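Student: If you scroll down you'll find the structure; I have some questions about it.
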Amino acid sequence: MIRAWAPGRVNLIGDHTDHTGGLVLPMAIDLGTMVTGSRGGDVVELRSPIEPEPAIVPLDVADPAAVSPGWARYVAGIVAELRPPVGFSGSVDTTLPVGAGLSSSAALEVAVALAVGFDGAAVDLARLGQRAEQRASGVPCGIMDQLASASGVVEHVLLIDCTSLEVQPVPLPDDLEVVVVDSGQRRELATSAYAERAAACQAAQAAIGSLREATMADVAGLNDEVVRRRARHVVSENARVDQLAAGLASGDRASMADAMAASHRSLRDDFEVSTQVLDELVDRLTSLDGVIGARLTGAGFGGCTVALVERGAAVPISQPMWRVHPSGGAQLLGDSEGARQ
Ligand code: GLA
């Protein structure tokens with residue numbers, strides 16, 4: 001019996017920077033997805049207690065985006081990219097809220113890849129998952145979600161350079177906790193908004209070169225007002241990733257708070273991926289004693305907010321909420337010989 005587990009992720013800061021090779025600061029979390037079953041046959045067949053229909057994917061699947069039900073597309077994306085020589089039959093169980101912005105799809109892709117036989121480095125597992133996600137959803141997403149899931153480190157957040165794909169673990173201080181609050185709003189990433197934002201970033205790069213290297217003066221010279229604001233978000237957000245990583249290392253609460261608040265404002269005003277519900281939730285969280293900072297996390301348009309809080313601080317709000325802990329990366333927990341890794 002094979003068991004493959006992959007965590008979800010929450011991003012502390014650095015949103016919409018990965019698709020231009022920028023900096024991100026996610027952590028793998030102790031909510032995730034387990035795929036259990038055995039290899040064999042010529043389809044990958046998975047059942048889930050939270051899905052009415054199973055995913056049944058032939059090994060020669062041609063177009064993952066055309067597969068149904070919808071959740072089977074992510075399974076099909078992995079099958080199409082990895083082309084495992086034999087099928088798999090089993091089940092999927094998750095502790096992640098699905099579609100809430102905690103990378104339930106990345107956790108599914110990464111767990112399925114390990115279950116059906118991916119064997120290699122975390123960065124290659126992440127690249128495979130990213131390609132699968134792009135084919136399944138049609139969204140030109142970056143690599144953050146799959147790389148965080150593949151390379152999580154217990155008790156650490158991950159400072160990731162999305163150009164070199166170097167992952168630098170940064171300890172999460174003992175006196176801090178990460179709290180995720182679900183806004184309850186759901187918006188499919190596949191809406192054209194993500195692709196439009198990514199295209200605006202590409203337009204900026206065509207004019208002024210890599211946004212990773214660009215200065216605010218370069219950005220100010222962009223002619224198109226919308227492209228200029230999108231680029232301003234990315235360039236300033238890359239700097240805020242360094243600011244928050246440094247704040248975590250030194251314990252500087254004011255600097256952490258400032259980075260998170262400025263990130264949310266920039267995602268709201270310049271990148272325009274926030275919503276009124278997210279803005280109100282961030283305001284409410286930020287006003288609470290013991291909350292150092294809060295912001296929307298992930299792609300935006302709904303989903304979750306993330307807050308850094310003093311350990312044990314009460315967070316008296318009514319929305320669904322998780323105190324998440326930095327988790328290790330995806331792993332194969334057993335194979336047919338019963339071996340453990
Ligand atoms: C989604 C994408 C990621 C990243 C975030 C925003 O989660 O899958 O690649 O772009 O949005 O930071």
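Following the order of the structure tokens, first chain is A, next is B, and so on, with residues numbered from 1 inside each chain and ligands from 1 in the order they appear.
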Using only C-alpha atoms and all ligand atoms, which residues of the polymer chains come no farther than 9 Å from ligand 1? I'd like the answer as a PDB file with C-alpha atoms, in the first residue's frame.
Tutor:
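Contents of the output file result12.pdb:
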ATOM      1  CA  ASN A  11       1.977  32.698   1.940  1.00  0.00           C
ATOM      2  CA  ILE A  13       4.164  37.751   1.950  1.00  0.00           C
ATOM      3  CA  GLY A  14       5.190  38.015  -1.706  1.00  0.00           C
ATOM      4  CA  ASP A  15       2.013  37.577  -3.713  1.00  0.00           C
ATOM      5  CA  HIS A  16       1.924  37.795  -7.502  1.00  0.00           C
ATOM      6  CA  THR A  17       5.712  37.975  -7.566  1.00  0.00           C
ATOM      7  CA  ASP A  18       6.471  34.339  -8.479  1.00  0.00           C
ATOM      8  CA  HIS A  19       5.327  34.573 -12.099  1.00  0.00           C
ATOM      9  CA  VAL A  24       8.012  34.805  -1.913  1.00  0.00           C
ATOM     10  CA  GLY A 101      -6.436  29.741  -1.238  1.00  0.00           C
ATOM     11  CA  LEU A 102      -4.364  27.289   0.815  1.00  0.00           C
ATOM     12  CA  SER A 103      -3.168  25.432  -2.300  1.00  0.00           C
ATOM     13  CA  SER A 105      -4.817  21.853  -5.825  1.00  0.00           C
ATOM     14  CA  ALA A 106      -1.016  21.976  -5.452  1.00  0.00           C
ATOM     15  CA  GLN A 130       3.209  23.699 -11.794  1.00  0.00           C
ATOM     16  CA  GLU A 133      -1.732  23.015 -12.682  1.00  0.00           C
ATOM     17  CA  GLN A 134      -1.289  25.198 -15.766  1.00  0.00           C
ATOM     18  CA  VAL A 139      -4.041  29.611 -15.374  1.00  0.00           C
ATOM     19  CA  PRO A 140      -0.437  30.734 -16.039  1.00  0.00           C
ATOM     20  CA  CYS A 141       0.452  30.301 -12.361  1.00  0.00           C
ATOM     21  CA  GLY A 142       3.907  30.570 -10.843  1.00  0.00           C
ATOM     22  CA  ILE A 143       5.755  27.885  -8.922  1.00  0.00           C
ATOM     23  CA  MET A 144       5.276  29.055  -5.333  1.00  0.00           C
ATOM     24  CA  ASP A 145       2.470  26.710  -4.278  1.00  0.00           C
ATOM     25  CA  GLN A 146       3.971  23.476  -5.555  1.00  0.00           C
ATOM     26  CA  LEU A 189      -8.481  31.291 -10.233  1.00  0.00           C
ATOM     27  CA  TYR A 194      -4.997  36.062 -12.938  1.00  0.00           C
ATOM     28  CA  ALA A 198       0.316  38.134 -15.363  1.00  0.00           C
ATOM     29  CA  THR A 297      -2.820  35.644   1.040  1.00  0.00           C
ATOM     30  CA  GLY A 298      -2.504  33.910  -2.322  1.00  0.00           C
ATOM     31  CA  ALA A 299      -4.077  34.990  -5.565  1.00  0.00           C
ATOM     32  CA  GLY A 300      -6.811  37.184  -4.021  1.00  0.00           C
TER      33      GLY A 300
END
Student: At a cut-off of 12 Å, using only C-alpha atoms, what residues contact Thr275 (chain A)? Leave out same-chain residues fewer than 2 positions from it and give the result as a ChimeraX atom specification.
Tutor: /A:183-187,264-265,267-269,271-273,277-282,295-296,299-305
Student: Can you write just those residues out, N, CA, C and O atoms, as a short mmCIF file (atom, residue, chain, number, x, y, z; two decimals), in the first residue's frame?
Tutor:
data_model
loop_
_atom_site.label_atom_id
_atom_site.label_comp_id
_atom_site.auth_asym_id
_atom_site.auth_seq_id
_atom_site.Cartn_x
_atom_site.Cartn_y
_atom_site.Cartn_z
N SER A 183 -12.20 34.01 4.37
CA SER A 183 -13.19 35.07 4.11
C SER A 183 -14.54 34.48 3.72
O SER A 183 -15.56 35.17 3.74
N GLY A 184 -14.53 33.22 3.29
CA GLY A 184 -15.76 32.60 2.82
C GLY A 184 -16.05 32.91 1.35
O GLY A 184 -16.87 32.26 0.73
N GLN A 185 -15.36 33.91 0.81
CA GLN A 185 -15.56 34.25 -0.61
C GLN A 185 -14.79 33.28 -1.48
O GLN A 185 -13.62 33.01 -1.21
N ARG A 186 -15.41 32.80 -2.55
CA ARG A 186 -14.75 31.88 -3.46
C ARG A 186 -14.76 32.46 -4.87
O ARG A 186 -15.80 32.87 -5.36
N ARG A 187 -13.63 32.49 -5.49
CA ARG A 187 -13.55 32.95 -6.87
C ARG A 187 -12.56 32.04 -7.56
O ARG A 187 -11.42 31.89 -7.12
N HIS A 264 -0.75 44.39 1.78
CA HIS A 264 -2.19 44.33 1.53
C HIS A 264 -2.66 45.55 0.73
O HIS A 264 -3.43 45.42 -0.23
N ARG A 265 -2.17 46.72 1.11
CA ARG A 265 -2.57 47.95 0.40
C ARG A 265 -2.17 47.89 -1.07
O ARG A 265 -2.93 48.28 -1.95
N LEU A 267 -1.65 45.16 -2.91
CA LEU A 267 -2.49 44.17 -3.61
C LEU A 267 -3.88 44.75 -3.86
O LEU A 267 -4.52 44.44 -4.87
N ARG A 268 -4.33 45.60 -2.94
CA ARG A 268 -5.66 46.21 -3.07
C ARG A 268 -5.65 47.33 -4.12
O ARG A 268 -6.48 47.34 -5.02
N ASP A 269 -4.69 48.25 -4.01
CA ASP A 269 -4.76 49.47 -4.82
C ASP A 269 -4.01 49.35 -6.15
O ASP A 269 -4.48 49.86 -7.16
N PHE A 271 -2.39 46.25 -7.48
CA PHE A 271 -2.60 45.00 -8.23
C PHE A 271 -4.09 44.70 -8.39
O PHE A 271 -4.48 43.90 -9.23
N GLU A 272 -4.91 45.30 -7.51
CA GLU A 272 -6.38 45.18 -7.59
C GLU A 272 -6.87 43.74 -7.60
O GLU A 272 -7.59 43.31 -8.50
N VAL A 273 -6.42 42.99 -6.56
CA VAL A 273 -6.90 41.62 -6.41
C VAL A 273 -7.60 41.40 -5.07
O VAL A 273 -7.90 40.27 -4.70
N VAL A 277 -14.67 42.31 1.27
CA VAL A 277 -14.72 41.34 2.38
C VAL A 277 -13.31 41.11 2.93
O VAL A 277 -13.10 41.10 4.16
N LEU A 278 -12.34 40.94 2.04
CA LEU A 278 -10.95 40.74 2.49
C LEU A 278 -10.43 41.99 3.19
O LEU A 278 -9.77 41.89 4.25
N ASP A 279 -10.72 43.16 2.64
CA ASP A 279 -10.24 44.41 3.26
C ASP A 279 -10.79 44.56 4.68
O ASP A 279 -10.06 44.92 5.62
N GLU A 280 -12.08 44.26 4.85
CA GLU A 280 -12.70 44.41 6.17
C GLU A 280 -12.12 43.40 7.16
O GLU A 280 -11.89 43.71 8.33
N LEU A 281 -11.86 42.20 6.67
CA LEU A 281 -11.30 41.17 7.54
C LEU A 281 -9.88 41.56 7.99
O LEU A 281 -9.52 41.40 9.16
N VAL A 282 -9.10 42.07 7.06
CA VAL A 282 -7.73 42.50 7.39
C VAL A 282 -7.78 43.65 8.40
O VAL A 282 -7.02 43.67 9.39
N ARG A 295 -2.90 40.31 6.20
CA ARG A 295 -3.02 40.65 4.77
C ARG A 295 -3.78 39.53 4.06
O ARG A 295 -3.93 38.44 4.61
N LEU A 296 -4.23 39.82 2.84
CA LEU A 296 -4.79 38.73 2.04
C LEU A 296 -3.62 37.83 1.66
O LEU A 296 -2.47 38.27 1.59
N ALA A 299 -3.75 34.27 -4.34
CA ALA A 299 -4.08 34.99 -5.57
C ALA A 299 -5.02 36.16 -5.34
O ALA A 299 -5.04 37.12 -6.11
N GLY A 300 -5.85 36.11 -4.28
CA GLY A 300 -6.81 37.18 -4.02
C GLY A 300 -8.18 36.87 -4.58
O GLY A 300 -8.50 35.70 -4.84
N PHE A 301 -9.02 37.90 -4.73
CA PHE A 301 -10.41 37.75 -5.19
C PHE A 301 -11.22 36.86 -4.25
O PHE A 301 -12.10 36.11 -4.69
N GLY A 302 -10.92 36.90 -2.98
CA GLY A 302 -11.57 35.99 -2.02
C GLY A 302 -10.52 35.06 -1.44
O GLY A 302 -9.32 35.32 -1.55
N GLY A 303 -10.97 33.98 -0.82
CA GLY A 303 -10.02 33.06 -0.20
C GLY A 303 -9.68 33.50 1.22
O GLY A 303 -10.55 33.99 1.94
N CYS A 304 -8.43 33.36 1.59
CA CYS A 304 -8.05 33.54 3.00
C CYS A 304 -7.21 34.79 3.24
O CYS A 304 -6.58 35.32 2.33
N THR A 305 -7.20 35.17 4.52
CA THR A 305 -6.23 36.16 5.00
C THR A 305 -5.26 35.43 5.92
O THR A 305 -5.58 34.38 6.47
#
Student: I'd like to know which residues of region 63-190 of chain A are alpha helix (DSSP H) (by DSSP, run on the backbone); could you write them as number ranges by chain?
Tutor: A: 72-82, 104-116, 122-137, 144-150
Student: Select, from A:Ser210, A:Trp71, A:Asn223, A:Asp182, the residue with the minimum atom-to-atom distance to Ser318 (chain A), counting only C-alpha atoms.
Tutor: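 Looking only at the distances to Ser318 (chain A), the closest residue turns out to be A:Asp182.
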Student: Rounded to one decimal in Å, what is the spacing between CA of Val92 (chain A) and CA of Val44 (chain A)?
Tutor: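 Straight-line distance from CA of Val92 (chain A) to CA of Val44 (chain A) works out to 11.9 Å.
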Student: Quick one: everything within 12 Å of Ala246 (chain A), counting only C-alpha atoms, minus sequence neighbours fewer than 4 positions away in the same chain. Send it as a ChimeraX atom specification.
Tutor: /A:25,159,170-173,239-242,250-256,259
Student: Would you export the selected residues with N, CA and C atoms as an mmCIF file, in the first residue's frame, please?
Tutor:
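Final file, part.cif:
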data_model
loop_
_atom_site.group_PDB
_atom_site.id
_atom_site.type_symbol
_atom_site.label_atom_id
_atom_site.label_comp_id
_atom_site.auth_asym_id
_atom_site.auth_seq_id
_atom_site.Cartn_x
_atom_site.Cartn_y
_atom_site.Cartn_z
ATOM 1 N N LEU A 25 7.481 34.288 0.407
ATOM 2 C CA LEU A 25 7.777 33.790 1.763
ATOM 3 C C LEU A 25 6.610 32.926 2.277
ATOM 4 N N LEU A 159 11.971 31.230 2.390
ATOM 5 C CA LEU A 159 12.289 32.375 1.536
ATOM 6 C C LEU A 159 12.721 31.809 0.188
ATOM 7 N N VAL A 170 13.709 29.938 6.896
ATOM 8 C CA VAL A 170 13.865 30.996 7.906
ATOM 9 C C VAL A 170 13.049 30.556 9.121
ATOM 10 N N PRO A 171 13.671 30.445 10.304
ATOM 11 C CA PRO A 171 12.906 29.958 11.462
ATOM 12 C C PRO A 171 11.709 30.867 11.769
ATOM 13 N N LEU A 172 10.562 30.250 12.073
ATOM 14 C CA LEU A 172 9.432 31.022 12.588
ATOM 15 C C LEU A 172 9.670 31.150 14.088
ATOM 16 N N PRO A 173 9.812 32.377 14.603
ATOM 17 C CA PRO A 173 10.144 32.520 16.025
ATOM 18 C C PRO A 173 9.126 31.815 16.924
ATOM 19 N N ALA A 239 10.627 43.749 -2.380
ATOM 20 C CA ALA A 239 11.368 44.374 -1.271
ATOM 21 C C ALA A 239 10.727 44.029 0.076
ATOM 22 N N ARG A 240 9.397 43.946 0.089
ATOM 23 C CA ARG A 240 8.716 43.630 1.360
ATOM 24 C C ARG A 240 8.961 42.190 1.805
ATOM 25 N N VAL A 241 9.219 41.288 0.858
ATOM 26 C CA VAL A 241 9.549 39.912 1.251
ATOM 27 C C VAL A 241 10.842 39.931 2.074
ATOM 28 N N ASP A 242 11.850 40.650 1.582
ATOM 29 C CA ASP A 242 13.098 40.764 2.342
ATOM 30 C C ASP A 242 12.847 41.427 3.693
ATOM 31 N N SER A 250 14.964 39.240 13.245
ATOM 32 C CA SER A 250 15.366 40.159 14.327
ATOM 33 C C SER A 250 14.288 40.322 15.384
ATOM 34 N N GLY A 251 13.065 39.896 15.084
ATOM 35 C CA GLY A 251 11.957 40.063 16.044
ATOM 36 C C GLY A 251 11.347 41.456 16.000
ATOM 37 N N ASP A 252 11.647 42.231 14.964
ATOM 38 C CA ASP A 252 11.167 43.613 14.872
ATOM 39 C C ASP A 252 9.684 43.644 14.468
ATOM 40 N N ARG A 253 8.802 43.760 15.490
ATOM 41 C CA ARG A 253 7.346 43.726 15.255
ATOM 42 C C ARG A 253 6.890 44.854 14.338
ATOM 43 N N ALA A 254 7.423 46.049 14.546
ATOM 44 C CA ALA A 254 6.952 47.209 13.782
ATOM 45 C C ALA A 254 7.249 47.013 12.299
ATOM 46 N N SER A 255 8.414 46.466 12.024
ATOM 47 C CA SER A 255 8.789 46.262 10.627
ATOM 48 C C SER A 255 7.936 45.161 9.986
ATOM 49 N N MET A 256 7.643 44.090 10.756
ATOM 50 C CA MET A 256 6.766 43.023 10.240
ATOM 51 C C MET A 256 5.384 43.590 9.936
ATOM 52 N N ALA A 259 5.401 45.777 6.812
ATOM 53 C CA ALA A 259 5.513 45.010 5.558
ATOM 54 C C ALA A 259 4.167 44.387 5.193
#
Student: Taking 2 positions as the minimum chain separation for residues in the same chain, which residues sit within 8 Å of region 74-86 of chain A when counting only C-alpha atoms? Answer as a VMD selection string.
Tutor: chain A and resid 39 to 44 55 57 59 to 65 67 71 to 72 88 105 108 to 109 112 to 113 116 to 118 128 to 129 131 to 133 135 to 137
Student: Could you dump the residues just selected with C-alpha atoms as a CSV table (one decimal), in the first residue's frame?
Tutor:
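again.csv, freshly written:
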chain,number,residue,atom,x,y,z
A,39,ARG,CA,-0.1,0.9,-8.4
A,40,GLY,CA,-1.4,-1.2,-11.3
A,41,GLY,CA,-3.9,-1.2,-14.2
A,42,ASP,CA,-4.1,1.4,-17.0
A,43,VAL,CA,-6.0,4.2,-15.4
A,44,VAL,CA,-5.4,6.4,-12.4
A,55,ALA,CA,-11.4,10.8,-10.9
A,57,VAL,CA,-7.9,9.2,-15.8
A,59,LEU,CA,-2.7,7.0,-18.8
A,60,ASP,CA,-2.7,8.4,-22.3
A,61,VAL,CA,-5.0,11.4,-21.4
A,62,ALA,CA,-4.5,14.1,-24.0
A,63,ASP,CA,-6.2,17.2,-22.6
A,64,PRO,CA,-6.4,17.5,-18.8
A,65,ALA,CA,-8.5,20.6,-19.0
A,67,VAL,CA,-11.6,16.0,-18.1
A,71,TRP,CA,-11.1,17.9,-9.5
A,72,ALA,CA,-9.9,15.1,-11.8
A,88,PHE,CA,-3.1,3.6,-9.6
A,105,SER,CA,-4.8,21.9,-5.8
A,108,LEU,CA,-3.3,17.2,-4.7
A,109,GLU,CA,-0.9,17.4,-7.6
A,112,VAL,CA,-0.7,12.3,-6.8
A,113,ALA,CA,2.7,12.7,-8.4
A,116,VAL,CA,2.0,7.4,-9.1
A,117,GLY,CA,5.8,7.2,-9.1
A,118,PHE,CA,7.6,10.5,-9.3
A,128,LEU,CA,6.0,19.0,-12.6
A,129,GLY,CA,3.1,20.2,-10.4
A,131,ARG,CA,3.0,22.4,-15.4
A,132,ALA,CA,0.1,20.1,-14.3
A,133,GLU,CA,-1.7,23.0,-12.7
A,135,ARG,CA,-2.6,22.5,-18.1
A,136,ALA,CA,-5.5,21.5,-15.8
A,137,SER,CA,-6.7,25.0,-15.0
